[in-house]
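Written below as structure tokens is the structure these notes are about.
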Amino acid sequence: MRVIVLGDEDTVNAFRLIGFEGYVVDSRSLVPKIKEFLGMDDVAAILVTSSVSSEAGQEFINLRTRIRKPLILEVPALSNTEHREVNYMAILRSVLGV
């Protein structure tokens with residue numbers, strides 16, 4: 001099963017370094033990119049960085065609440081952590097149920 005990361009360049013690159021598939025998107029290209037993965041059976045989750053999702057608007061919110069598979073989850077962006085530690089591996093474990 002694949003986990004896709006969509007968002008800002010810094011966060012996507014960090015996830016790529018640990019082996020995840022990631023794509024740099026902005027708020028305008030987020031929803032079309034998510035729709036590319038909706039029909040794929042091997043995509044378990046799509047992680048979207050908070051820096052992009054906060055500006056994506058109502059279409060993203062509607063898509064996120066309507067779609068059950070794959071799971072669409074918002075994760076904190078590296079640039080928005082405001083001096084607090086974010087355990088990305090714990091977030092991924094909870095999403096994947098491991």
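How things are named: the first chain in the structure tokens is A, the next is B, and so on; residues count from 1 in each chain; ligands count from 1 in the order shown.
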
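Every protein or nucleic acid residue with an atom no more than 9 Å from A:Leu71, counting only C-alpha atoms and leaving out same-chain residues fewer than 4 positions away, appears here: A:Val43, A:Ala44, A:Ala45, A:Ile46, A:Leu47, A:Arg64, A:Ile67, A:Val95.
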
Residue neighbourhood A:Leu73, 12 Å, only C-alpha atoms, exclusion window fewer than 2 positions, as number ranges by chain: A: 3-7, 34, 44-50, 53, 60-61, 63-65, 67-71, 75-76, 91-92, 94-96

Would you mind writing down, as a PyMOL selection string, each residue of chain A that DSSP on the backbone assigns to alpha helix (DSSP H)? chain A and resi 9-17+30-37+50-56+58-66+88-96

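The protein and nucleic acid residues lying at most 10 Å from stretch 57-59 of chain A are A:Ser27, A:Arg28, A:Leu30, A:Val31, with only C-alpha atoms considered and sequence neighbours fewer than 6 positions away removed.
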
Prev. selection, all heavy atoms, output as an mmCIF file, in the first residue's frame:
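Result went into part38.cif, see below:
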```cif
data_model
loop_
_atom_site.group_PDB
_atom_site.id
_atom_site.type_symbol
_atom_site.label_atom_id
_atom_site.label_comp_id
_atom_site.auth_asym_id
_atom_site.auth_seq_id
_atom_site.Cartn_x
_atom_site.Cartn_y
_atom_site.Cartn_z
ATOM 1 N N SER A 27 -2.007 25.393 -3.270
ATOM 2 C CA SER A 27 -3.425 25.276 -2.930
ATOM 3 C C SER A 27 -4.312 25.106 -4.167
ATOM 4 O O SER A 27 -5.357 24.470 -4.094
ATOM 5 C CB SER A 27 -3.876 26.490 -2.114
ATOM 6 O OG SER A 27 -3.665 27.685 -2.842
ATOM 7 N N ARG A 28 -3.898 25.638 -5.308
ATOM 8 C CA ARG A 28 -4.700 25.509 -6.528
ATOM 9 C C ARG A 28 -4.592 24.118 -7.146
ATOM 10 O O ARG A 28 -5.531 23.618 -7.744
ATOM 11 C CB ARG A 28 -4.282 26.558 -7.553
ATOM 12 C CG ARG A 28 -4.645 27.966 -7.160
ATOM 13 C CD ARG A 28 -4.249 28.979 -8.217
ATOM 14 N NE ARG A 28 -2.898 28.817 -8.751
ATOM 15 C CZ ARG A 28 -1.791 29.298 -8.198
ATOM 16 N NH1 ARG A 28 -1.846 29.978 -7.087
ATOM 17 N NH2 ARG A 28 -0.617 29.107 -8.752
ATOM 18 N N LEU A 30 -3.854 21.285 -5.471
ATOM 19 C CA LEU A 30 -4.042 20.216 -4.486
ATOM 20 C C LEU A 30 -5.201 19.292 -4.849
ATOM 21 O O LEU A 30 -5.016 18.070 -4.933
ATOM 22 C CB LEU A 30 -4.275 20.814 -3.085
ATOM 23 C CG LEU A 30 -4.602 19.812 -1.986
ATOM 24 C CD1 LEU A 30 -3.443 18.845 -1.785
ATOM 25 C CD2 LEU A 30 -4.931 20.537 -0.698
ATOM 26 N N VAL A 31 -6.377 19.823 -5.063
ATOM 27 C CA VAL A 31 -7.553 18.987 -5.334
ATOM 28 C C VAL A 31 -7.395 18.184 -6.624
ATOM 29 O O VAL A 31 -7.657 16.971 -6.628
ATOM 30 C CB VAL A 31 -8.845 19.831 -5.325
ATOM 31 C CG1 VAL A 31 -10.029 19.021 -5.811
ATOM 32 C CG2 VAL A 31 -9.102 20.385 -3.927
#
```

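Note that the spacing between atom CA of A:Glu55 and atom CA of A:Gly22 amounts to 19.0 Å.
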
Pull the strand (DSSP E or B) assignments for chain A out of DSSP run on the backbone, and list those residues as a CSV table (one decimal) with C-alpha atoms, in the first residue's frame.
```csv
chain,number,residue,atom,x,y,z
A,2,ARG,CA,1.2,3.5,-0.9
A,3,VAL,CA,1.1,6.6,1.2
A,4,ILE,CA,1.3,9.8,-0.8
A,5,VAL,CA,2.5,13.1,0.6
A,6,LEU,CA,1.2,16.4,-1.0
A,7,GLY,CA,2.3,19.8,0.1
A,21,GLU,CA,6.2,9.1,-2.4
A,22,GLY,CA,5.6,12.9,-2.5
A,23,TYR,CA,4.6,15.7,-4.7
A,24,VAL,CA,5.0,19.4,-4.3
A,43,VAL,CA,-3.1,4.1,-2.3
A,44,ALA,CA,-4.0,3.8,1.4
A,45,ALA,CA,-3.6,7.4,2.5
A,46,ILE,CA,-2.9,10.8,1.2
A,47,LEU,CA,-1.1,13.1,3.7
A,48,VAL,CA,-1.6,16.8,3.0
A,49,THR,CA,0.6,19.5,4.7
A,71,LEU,CA,-7.8,8.3,3.9
A,72,ILE,CA,-7.0,12.0,3.4
A,73,LEU,CA,-5.1,13.3,6.5
A,74,GLU,CA,-3.7,16.8,7.3
A,75,VAL,CA,-0.2,16.8,8.8
```
